[in-house]
Structures are given as C-alpha cells and as structure tokens.
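Input: a single structure, listed below in structure tokens.
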Amino acid sequence: MINEQYTPEEPIAAIATALAPAALGIVRTSGKNAIDLASKCFSRPKALLEAAGNTLVYGWIIDPESKQKIDEVMAAVYKAPKSFTGEDMVEVFCHGGSSAVLGVYHALLDAGFRAAQKGEYTFRAFINGKADLTKAEAVREIIGAKTDESRSRAANRLQGALFSEINAVKEKLLKVLASIEVGIEYPEDEENISETFDDSLLRQAVEELKVLSSSWQAEKLYQDGAEVVLCGKTNAGKSSLFNLLLKEDRAIVSNIHGTTRDFIESYASFDGIPVRLFDTAGLRETEDEIEKVGVERTRELIQQSDAVLYVIDAACGFTDEDSEFLKSFTAKNAPTSEIPLLLVLNKIDKTEYKDAAECAAKIVAPQWKNLPVFGVSAKTSTGIQELAKATAAVLQKTCAASKEMVGLGSERQKNAVEEALESCNHALLCTKEGFTLDAAVQDIEDAVASLGELTGEVTSADILETVFSQFCVGK
C-alpha cells in the first residue's frame, strides 16, 4: 500500500541535496500554508508572505524558539498551481555544509512542517495533475542515470515523449471502440457485422505496441548497463587498456607477469552505455596459489559477462594458448558460446605493421578471422574510441537498441504494454474467427485500461507503491 503518511496538502519538508560539503544545499517544502509556516522561521516574514510566485527572497533562517540566526539564505517562493507539486512551495537555498543544511531543515520542522517520505513530492505532482506516471518514473531514472545517454533517454520521457506514444495508441483503440459501438447500435443488416469490420486501426495499434514492448530491453541496457571483461594472457596490456578506457589510473601496470592477481572493476561509458568493466588476472598455468584463485575468478567472470574483450600482445603475436582459449570459449556446448567476443590486438605501436588491419591480417590465425578484430595501443590511445563504439554496437545488437526510438522506462511499463498487446491480439482473433464484434469490445477496453495503468489514468495502491517507493527523500 502507498505510505500511510502520504497525506495530500499536509505541509512537508525534506533535504533535497546530499549531506556533504558543497557550495549550496537545498531544503524544500510543500503543502497547504507552506509559505505561512516558512515565514515563522524567516527573518523577513512579511517579505516572504507578500512575495509573488516564482520569485526569490533574501533573508536568514531563524530558530523559531531561540530566535538565533542559523544561516543566510535565499528562499524561492512558488504558488499553487504553478509549482512542481501543484501546491504552495518554498525552497530554501542555504550554504552546503551539513550543519547548515540540517539546521535549516530542523528549523522548518520546528515551524510546523512534517518530514517528507520517499517520493512524496513527485507523488503530489502526480495526484495534482502535474505529471503522469511515465514522467514520475523518468524523474527517478534521471537521478540514477550513469551516462549522458541514459540521462538523455530519461529526459525524453520526462518531456512527455512516451506519454504521447501511449496516448496515440490509446486514441486508435478508442476510435476502434467507437466504430464497433456504431456498428452494434446501428447495423445495416442482421448478419454478422464483423465480416465488414475494418480492423486496420487495431492492427496499427498492435504493431506500435510490439515496437514499444521490444524497446524495454534497450532501455534496460542504458539504465542498468552491461558487464564487459578484459581478459587474456599475462602482460598483454589489459591493465593499461583498462586505465585508458576508464580515463584514470585504477589498475597497477607492470612488465612483471602476474601483477594483476584478482579482478578490478569500475564503471565506464561505452558510447553512452554504462559498462561495468573488469580488469582480470592473466590467463596462464601457475603454481602461485593466490594467482590460481585469480585465474579461476577470471573464468567465472567471463561466463557471467555480456561481452568479452580478449587482449593479445600484438608485439608477441598470436600463440597456441590464445587458440586454446578461443576454442574453449566458442565451442558449441560451452557456456560462453553465445557471449559476444572481440579480439583486441594491443601494443600495435610496437609492431612493424602500418595499420590495425594489416596487423590483424598478419597476426590472427585464419580460423579466428571471422571474429571482430581491433588493433589498439594503450600507450598512444590508437583505436580506443573505435573499440569502445564497437563494443557498444555488439551490446546493442542483443536487444535491438536504437538511440532514436521512444522506449519504455521500467519493467512495470513493459508489463502494462504486453497486457495491452495481448488484449488487442485477442480482439483481432475474435474478428477473424467470426464472433460478433461485441466479443472484441471487452478485449479492447481491457487494452485501454492497461495503457491507462501505464500513464496513471487508471491506478491502484499497488501500482503507486511500486512507482514511488523507489524514490529518494526530497523527490
């Protein structure tokens, strides 16, 4: 159930920025009489009370009881309905130290505000008609975005792109319902009117719902990211490549074989896809017990990965050990046979070949030339961007990702679209099988209801709980 403390209009306050040293901190309030209550702990109460909406007022936050000054602030005044929540709001911009922010927050609580719950501000925006559920979920997505592309896709939904797509499908279904109702109420003859029914709009709706349903895998990739493993023999330059892809020195680089004995991981952006990148222990036979554990962990990571970059020292060339690994990796019954694999020829700056293509042609054994091969240099940065883009393209192929399409932003949205799609398909089946059209009406109405759940026009406590329980306090 929705949090019982979600009481509409009740004045609430929350810290909206991280409690860490910063230039500014923000404490936001909302609800009935929010401006009046805020004025009780403001040094210029009259100025705050008389301020027009969407204006800033300078002053101090004062302890309501002791009257001691807490911090010098700017108070932003918003008046209903022209605010994020649709209610009166005051946002206090104070200095960003933890003590200052907490002092302002507690002064507002002492003035009569209640501590806000997770997602309560966005919930109020929803119930006051300031945002539908797709926009509400997009707010959470933006907060959790790991790359610029992830944020951009969420911002697209926040602007209403997904709502518009869903609404367009719903309009088609409503037109279909209207035409059926006319046919039922005013039939031209007593025969089965399904024989003359034009189902083109219903078929269009089905195709659009299929596209939307398929978009979730792509959006999930941009939200959750993928796991990519750098592996290969010792001293192939994996750690140097790892540091370069991260644009920071995370892994120890050394000419000594076996320097990396356990995996290291960090997030990187591969053409907008958030990637959890792993630098792993070199694959080789060893008597060192610690290194053996590292090699075994490398093999486990490879089996769980979304893509593997197998690094070869181009200066040393392709070896029997490399062939053995690739054979075991690509074997039909191997658990890794379906995992995308890219060959990375590192240290091409140390070879005599004029470019990466010539290096690949000369070094890679014939049976492996069907694999994607990339020549790079971790020392000179040659080919790094091309490798990152190629890896992103491989990951996108697994889910038909597209940067242009409007996509679904959550599992909840995907389930609602699939329910609508199933209902529409059943309605089409009814018309094909010769049933009277009123048999299809219920299916189409069910589809419209499913789309209403997606946007929030049709809601239940369980749906709202699913959406807003995932927000942070202050949003």
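Every chain in the structure tokens has a letter given in the order shown (A, B, ...), and although residue numbers restart at 1 in each chain, ligands are simply numbered from 1 in the order shown.
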Selection near Ala18 in chain A, 10 Å with only C-alpha atoms, sequence-local residues under 4 positions removed, as JSON, numbers by chain: {"A": [22, 24, 25, 26, 96, 97, 98, 101]}
Residue subset to file, keeping N, CA and C atoms, as a PDB file, in the first residue's frame:
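Writing the result to part.pdb gives the following:
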ATOM      1  N   ALA A  22      29.485  21.361   0.272  1.00  0.00           N
ATOM      2  CA  ALA A  22      29.167  21.849  -1.071  1.00  0.00           C
ATOM      3  C   ALA A  22      28.914  23.337  -1.004  1.00  0.00           C
ATOM      4  N   LEU A  24      26.229  24.904  -2.112  1.00  0.00           N
ATOM      5  CA  LEU A  24      24.845  25.164  -1.738  1.00  0.00           C
ATOM      6  C   LEU A  24      24.167  23.883  -1.257  1.00  0.00           C
ATOM      7  N   GLY A  25      23.181  24.073  -0.398  1.00  0.00           N
ATOM      8  CA  GLY A  25      22.295  22.998  -0.003  1.00  0.00           C
ATOM      9  C   GLY A  25      20.874  23.474  -0.217  1.00  0.00           C
ATOM     10  N   ILE A  26      19.955  22.534  -0.466  1.00  0.00           N
ATOM     11  CA  ILE A  26      18.558  22.902  -0.713  1.00  0.00           C
ATOM     12  C   ILE A  26      17.656  22.123   0.225  1.00  0.00           C
ATOM     13  N   GLY A  96      26.185  24.944   1.844  1.00  0.00           N
ATOM     14  CA  GLY A  96      26.127  23.498   1.669  1.00  0.00           C
ATOM     15  C   GLY A  96      26.734  22.641   2.751  1.00  0.00           C
ATOM     16  N   GLY A  97      27.189  23.207   3.834  1.00  0.00           N
ATOM     17  CA  GLY A  97      27.730  22.387   4.920  1.00  0.00           C
ATOM     18  C   GLY A  97      26.632  21.579   5.600  1.00  0.00           C
ATOM     19  N   SER A  98      26.977  20.403   6.072  1.00  0.00           N
ATOM     20  CA  SER A  98      25.975  19.532   6.695  1.00  0.00           C
ATOM     21  C   SER A  98      25.271  20.202   7.866  1.00  0.00           C
ATOM     22  N   VAL A 101      22.725  22.875   6.562  1.00  0.00           N
ATOM     23  CA  VAL A 101      21.554  22.264   5.934  1.00  0.00           C
ATOM     24  C   VAL A 101      20.643  21.642   6.993  1.00  0.00           C
TER      25      VAL A 101
END
Go through range 205-236 of chain A and flag each residue having an atom no more than 10 Å from range 135-156 of chain A; for those, report the closest pair of atoms plus their distance in Å to one decimal, using only C-alpha atoms, ordered by chain and rising number, as CSV.
residue,atom,partner,partner_atom,distance
A:Glu219,CA,A:Arg153,CA,8.1
A:Lys220,CA,A:Ser150,CA,9.7
A:Leu221,CA,A:Ser150,CA,9.1
A:Tyr222,CA,A:Ser150,CA,5.3
A:Gln223,CA,A:Ser150,CA,6.0
A:Asp224,CA,A:Lys146,CA,8.4
A:Gly225,CA,A:Lys146,CA,8.4
Sel. of strand (DSSP E or B) residues, range 143-253 of chain A, as a PyMOL selection string: chain A and resi 226-232
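Considering the residues A:Ser337, A:Asn425, A:Ser377, A:Ser239 and counting only C-alpha atoms, Ala356 in chain A has its shortest atom-to-atom contact with A:Ser377.
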For CA of Tyr121 in chain A and CA of Ala218 in chain A, the interatomic separation in Å (one decimal):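 One can read the CA of Tyr121 in chain A to CA of Ala218 in chain A distance as 29.1 Å.
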Ala51 in chain A surroundings by only C-alpha atoms, 12 Å radius, close-in-sequence under 5 positions cut, as a PDB file with C-alpha atoms, in the first residue's frame:
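Heads up, here's the output in part-v4.pdb:
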ATOM      1  CA  ILE A  35       4.609  29.869   2.831  1.00  0.00           C
ATOM      2  CA  ASP A  36       2.983  30.890   6.132  1.00  0.00           C
ATOM      3  CA  SER A  39       7.742  32.687   7.363  1.00  0.00           C
ATOM      4  CA  ARG A  44      11.737  38.800   6.861  1.00  0.00           C
ATOM      5  CA  PRO A  45       8.330  37.146   7.285  1.00  0.00           C
ATOM      6  CA  LYS A  46       6.369  39.959   5.623  1.00  0.00           C
ATOM      7  CA  LEU A  56      13.463  34.814  -4.626  1.00  0.00           C
ATOM      8  CA  VAL A  57      13.563  36.460  -1.215  1.00  0.00           C
ATOM      9  CA  TYR A  58      16.784  37.139   0.708  1.00  0.00           C
ATOM     10  CA  ALA A  75      14.046  31.465  -0.348  1.00  0.00           C
ATOM     11  CA  ALA A  76      12.336  30.576  -3.630  1.00  0.00           C
ATOM     12  CA  VAL A  77       8.553  31.051  -3.473  1.00  0.00           C
ATOM     13  CA  TYR A  78       6.166  29.067  -5.677  1.00  0.00           C
ATOM     14  CA  LYS A  79       2.414  29.430  -5.535  1.00  0.00           C
ATOM     15  CA  VAL A  90       9.200  27.271  -0.530  1.00  0.00           C
TER      16      VAL A  90
END
Nearest candidate to Glu208 in chain A (options A:Glu227, A:Glu265, A:Glu419, A:Glu165; using only C-alpha atoms):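 The shortest atom-to-atom distance to Glu208 in chain A comes from A:Glu165.
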Between CA of Gly407 in chain A and CA of Leu162 in chain A, distance in Å (one decimal): 6.9 Å
d(CA of Asn333 in chain A, CA of Ile302 in chain A) in Å: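 So the two atoms, CA of Asn333 in chain A and CA of Ile302 in chain A, lie 15.4 Å apart.
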Enumerate, as a short mmCIF file (atom, residue, chain, number, x, y, z; two decimals) with C-alpha atoms, in the first residue's frame, the complete set of residues in range 356-387 of chain A that a backbone-based DSSP assignment places in alpha helix (DSSP H).
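Below is the file that was written, states.cif:
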data_model
loop_
_atom_site.label_atom_id
_atom_site.label_comp_id
_atom_site.auth_asym_id
_atom_site.auth_seq_id
_atom_site.Cartn_x
_atom_site.Cartn_y
_atom_site.Cartn_z
CA ALA A 356 45.49 -2.23 -37.48
CA ALA A 357 44.04 -4.05 -40.49
CA GLU A 358 47.45 -5.23 -41.67
CA CYS A 359 48.38 -6.23 -38.14
CA ALA A 360 45.22 -8.31 -37.80
CA ALA A 361 45.75 -9.93 -41.20
CA LYS A 362 49.29 -10.99 -40.32
CA ILE A 363 48.86 -11.99 -36.67
CA ILE A 384 40.46 3.09 -28.30
CA GLN A 385 37.38 5.04 -29.39
CA GLU A 386 36.72 2.60 -32.21
CA LEU A 387 36.95 -0.31 -29.74
#
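In this comparison, which uses only C-alpha atoms, the residue of A:Leu341, A:Leu429, A:Ile264, A:Ala13 approaching Arg114 in chain A most closely is A:Ala13.
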Near Pro64 in chain A, counting only C-alpha atoms, which residues have an atom at most 7 Å away, once you skip same-chain residues fewer than 4 positions from it, shown as a compact mmCIF listing (two decimals) with C-alpha atoms, in the first residue's frame?
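Contents of out11.txt, as written:
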# COMPACT_ATOMS: atom_id res chain seq x y z
CA LYS A 40 7.76 31.66 11.05
CA CYS A 41 11.46 30.86 10.85
CA ALA A 107 14.04 24.91 11.99
CA ASP A 110 10.01 23.15 14.41
CA ALA A 111 7.90 25.69 12.50
Pick from A:Gly129, A:Gly53, A:Gly103, A:Gly160, whichever lies nearest to Gly86 in chain A using only C-alpha atoms: A:Gly129
Selection: 8 Å around Leu209 in chain A, only C-alpha atoms, excl. self and same-chain fewer than 5 positions, as a list in words: Val169, Val417, Glu418, Ala420 and Leu421 of chain A
